[in-house]
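In what follows, a single structure is set out as structure tokens and then discussed.
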Amino acid sequence: MNLWQTIRVAVRALRRNKLRSFLTTLGIIIGVGAVIATVAIGEGAKAKVQEAFASMGSNLLIIMPGTSVAGGAHGGFGSMPTLTWDDLKAIQSEVASVELAAPLLFSNMQVASEEQNWSTRVSGTTPDYFTIRNWPMAKGRPLSQSDVDTGAKVAVLGQTVVDKLYGPNSDPVGQTLRIKSVPFLVIGVMAKKGQSPVGTDYDDAVSIPTTAYLSKIQGGLKNYLSGMIFVGARSLEATRRAEIEIAALLRDRHHLQGGIDDDFSIRNLTEMASAQEQGTKTLTTLLSSIAAVSLLVGGIGIMNIMLVSVTERTREIGLRMAVGAKPRQILIQFLVESLTLSTLGGLLGIAAGLVTAQRLASTFDWPMLIRPDVIVIAVGFSGLVGVVFGLYPATRAAALDPIDALRYE
């Protein structure tokens with residue numbers, strides 16, 4: 001009997017007990033489906049985290065001024081101006097790992113168009129800020145260095161401000177916006193950026209040149225920078241190095257001796273994103289491990305049912321051996337049955353996993369990212385389970401004595 005005939009005999013034996021065969025494969029179906037769904041959702045969650053942090057900017061560091069103390073009460077970072085405009089220039093020119101640095105001065109203010117008004121965050125900044133934040137314009141043009149140099153009264157708006165002041169689908173470019181009764185010409189609308197990981201609406205903002213902010217909106221503190229500094233490192237790998245170099249530079253400029261705490265704070269959003277991704281990866285690994293246990297349980301079920309099958313078909317095995325079947329052919333037959341059960345369970349598990357992942361992705365509004373390598377590994381592992389757990393029953397069947405098998409009742 002050749003291999004093809006052996007396979008046909010094995011498949012015919014499985015078809016005689018369809019319900020039992022299906023129930024046997026159920027553990028494999030659940031295991032493979034759980035692995036695929038878990039990894040797909042985990043990758044989608046990871047992509048969601050990356051998207052959220054990418055919206056903040058690439059290779060981003062945020063430098064905040066120091067804390068204040070009044071009556072024994074300590075204020076948070078940013079409550080005491082300790083950063084200067086000279087610090088900003090030094091960061092731009094003296095730190096090799098820094099590509100761009102931009103100030104951000106901001107406060108919540110009432111802004112008004114000809115017909116509507118809205119309370120929003122008004123920021124004074126420079127063109128480099130939009131490059132650091134990966135923030136293109138949807139309409140019009142961004143702020144230019146010429147606007148900063150001349151203190152031009154121009155503004156770019158977030159989409160939320162546009163919707164509130166001018167209405168959805170409107171084009172405010174060329175119209176006038178009033179900030180504290182000072183007219184500003186709208187020159188651009190920032191591309192929609194959505195919410196931050198903590199729920200802040202990035203699009204609820206108005207940006208104007210720093211010079212116009214200081215002269216027309218809110219006076220500065222002479223050489224002190226009454227806001228924060230956004231820094232873009234030259235690469236993702238250089239972000240940590242930039243953080244260390246900036247800290248050393250500022251401590252030297254602020255004459256902070258050893259043992260004295262920093263009078264500033266540097267937030268590395270790249271590290272925050274990595275920590276968040278690591279947490280997601282750990283959870284995905286944990287759930288995948290639990291799902292892999294289902295495959296193990298499914299393998300035990302296959303072994304159990306194959307041992308039952310060997311017992312039930314002892315006379316059949318003896319008859320086949322009596323007419324010339326070799327032990328190797330009996331071994332292959334039962335291995336094929338076991339492998340067929342596990343592989344079929346793996347294929348059905350793929351379908352179940354994809355459907356489950358799609359349902360969960362739509363429920364949580366996450367992207368569903370299918371990894372072909374995980375599918376191949378899951379199916380390959382299910383096949384391996386079939387071989388490993390089917391080997392003992394197959395070996396036991398092949399070792400039967402034909403005469404004893406024919407006498408078996």
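Identifiers in the structure tokens: chain A, B, ... in order shown; residue index from 1 per chain; ligand index from 1 in order shown.
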
Quiz item: Got a sec: who's within 7 Å of Thr82 (chain A), counting only C-alpha atoms, leaving out chain neighbours fewer than 2 positions off, as a ChimeraX atom specification?
Solution: /A:65-66,80,84,224,263

Exercise. Per DSSP on the backbone, filter region 54-197 of chain A down to the residues in strand (DSSP E) and report them as number ranges by chain.
Key: A: 60-65, 69-70, 73-74, 98-112, 117-125, 137-140, 154-157, 176-179, 182-190

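Considering only C-alpha atoms, the residue among A:Ala357, A:Ile305, A:Val388, A:Met64 positioned nearest to Leu14 (chain A) is A:Ile305.
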
Self-check item: Counting only C-alpha atoms, the residue of A:Pro142, A:Pro183, A:Gly390, A:Gly194 that sits nearest Ser113 (chain A)
Solution: A:Pro183

Exercise. Select, from A:Leu143, A:Leu319, A:Val95, A:Val161, the residue with the minimum atom-to-atom distance to Arg241 (chain A), counting only C-alpha atoms.
Key: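 For Arg241 (chain A), the nearest of the given residues is A:Val95.
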
Practice problem: Pick out the residues sitting within 10 Å of region 114-126 of chain A, and hand them over as a ChimeraX atom specification; count only C-alpha atoms, and ignore anything fewer than 4 positions along from it in its own chain. | Solution: /A:101-110,130-131,142-145,147-149,155,157-158,160-162,164-167,175-179,202-214,217-218,227,229-230

Quiz item: Interatomic distance between CA of Asp128 (chain A) and CA of Leu60 (chain A)?
Solution: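 Going from CA of Asp128 (chain A) over to CA of Leu60 (chain A) covers 12.5 Å.
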
Self-check item: Those in region 113-180 of chain A with alpha helix (DSSP H) from DSSP, as an NGL selection string
Solution: :A and (127-132 or 145-150 or 159-166)

For N, CA and C atoms, I'd like the residues from the last selection saved as a CSV table (one decimal), in the first residue's frame.
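New file result.csv:
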```csv
chain,number,residue,atom,x,y,z
A,127,PRO,N,8.5,78.4,13.5
A,127,PRO,CA,8.3,77.4,12.5
A,127,PRO,C,8.8,76.0,12.8
A,128,ASP,N,9.9,76.0,13.6
A,128,ASP,CA,10.5,74.7,13.9
A,128,ASP,C,9.6,73.8,14.7
A,129,TYR,N,8.7,74.4,15.5
A,129,TYR,CA,7.8,73.7,16.3
A,129,TYR,C,7.0,72.7,15.5
A,130,PHE,N,6.5,73.2,14.4
A,130,PHE,CA,5.6,72.3,13.5
A,130,PHE,C,6.4,71.2,12.9
A,131,THR,N,7.7,71.4,12.6
A,131,THR,CA,8.5,70.4,12.1
A,131,THR,C,8.8,69.3,13.2
A,132,ILE,N,9.1,69.7,14.4
A,132,ILE,CA,9.3,68.8,15.5
A,132,ILE,C,8.1,68.0,15.7
A,145,GLN,N,9.8,82.1,9.3
A,145,GLN,CA,10.7,82.8,10.1
A,145,GLN,C,10.6,84.3,9.9
A,146,SER,N,10.1,84.7,8.7
A,146,SER,CA,9.9,86.1,8.5
A,146,SER,C,8.8,86.7,9.4
A,147,ASP,N,7.7,85.8,9.6
A,147,ASP,CA,6.6,86.2,10.5
A,147,ASP,C,7.2,86.4,11.9
A,148,VAL,N,8.1,85.6,12.4
A,148,VAL,CA,8.7,85.7,13.7
A,148,VAL,C,9.6,87.0,13.8
A,149,ASP,N,10.4,87.2,12.8
A,149,ASP,CA,11.3,88.3,12.8
A,149,ASP,C,10.6,89.6,12.8
A,150,THR,N,9.5,89.7,12.1
A,150,THR,CA,8.8,91.0,12.0
A,150,THR,C,7.7,91.1,13.0
A,159,GLN,N,-8.2,72.4,13.8
A,159,GLN,CA,-9.5,72.2,13.1
A,159,GLN,C,-10.7,72.4,14.1
A,160,THR,N,-10.5,72.1,15.3
A,160,THR,CA,-11.6,72.3,16.3
A,160,THR,C,-11.9,73.8,16.4
A,161,VAL,N,-10.9,74.7,16.4
A,161,VAL,CA,-11.2,76.1,16.5
A,161,VAL,C,-11.9,76.6,15.2
A,162,VAL,N,-11.5,76.0,14.1
A,162,VAL,CA,-12.1,76.4,12.8
A,162,VAL,C,-13.6,76.0,12.8
A,163,ASP,N,-13.9,74.8,13.3
A,163,ASP,CA,-15.3,74.3,13.4
A,163,ASP,C,-16.1,75.2,14.3
A,164,LYS,N,-15.6,75.6,15.4
A,164,LYS,CA,-16.3,76.4,16.4
A,164,LYS,C,-16.5,77.8,15.9
A,165,LEU,N,-15.5,78.4,15.3
A,165,LEU,CA,-15.6,79.8,14.9
A,165,LEU,C,-16.2,80.1,13.5
A,166,TYR,N,-15.9,79.2,12.6
A,166,TYR,CA,-16.3,79.4,11.2
A,166,TYR,C,-17.2,78.3,10.7
```

Quiz prompt | Interatomic distance (Å, one decimal) between CA of Glu245 (chain A) and CA of Asn59 (chain A) | solution =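 We find that CA of Glu245 (chain A) and CA of Asn59 (chain A) lie 14.7 Å from each other.
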
Exercise. May I ask which of the residues A:Gly299, A:Pro136, A:Gly219, A:Pro393 is the closest one to Thr311 (chain A), counting only C-alpha atoms?
Key: A:Pro393

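We find CA of Phe364 (chain A) and CA of Ala37 (chain A) to be spaced 13.5 Å apart.
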
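The nearest approach to Pro372 (chain A) among the residues A:Ile36, A:Gly353, A:Ala152, A:Ile266, with only C-alpha atoms taken into account, belongs to A:Ile36.
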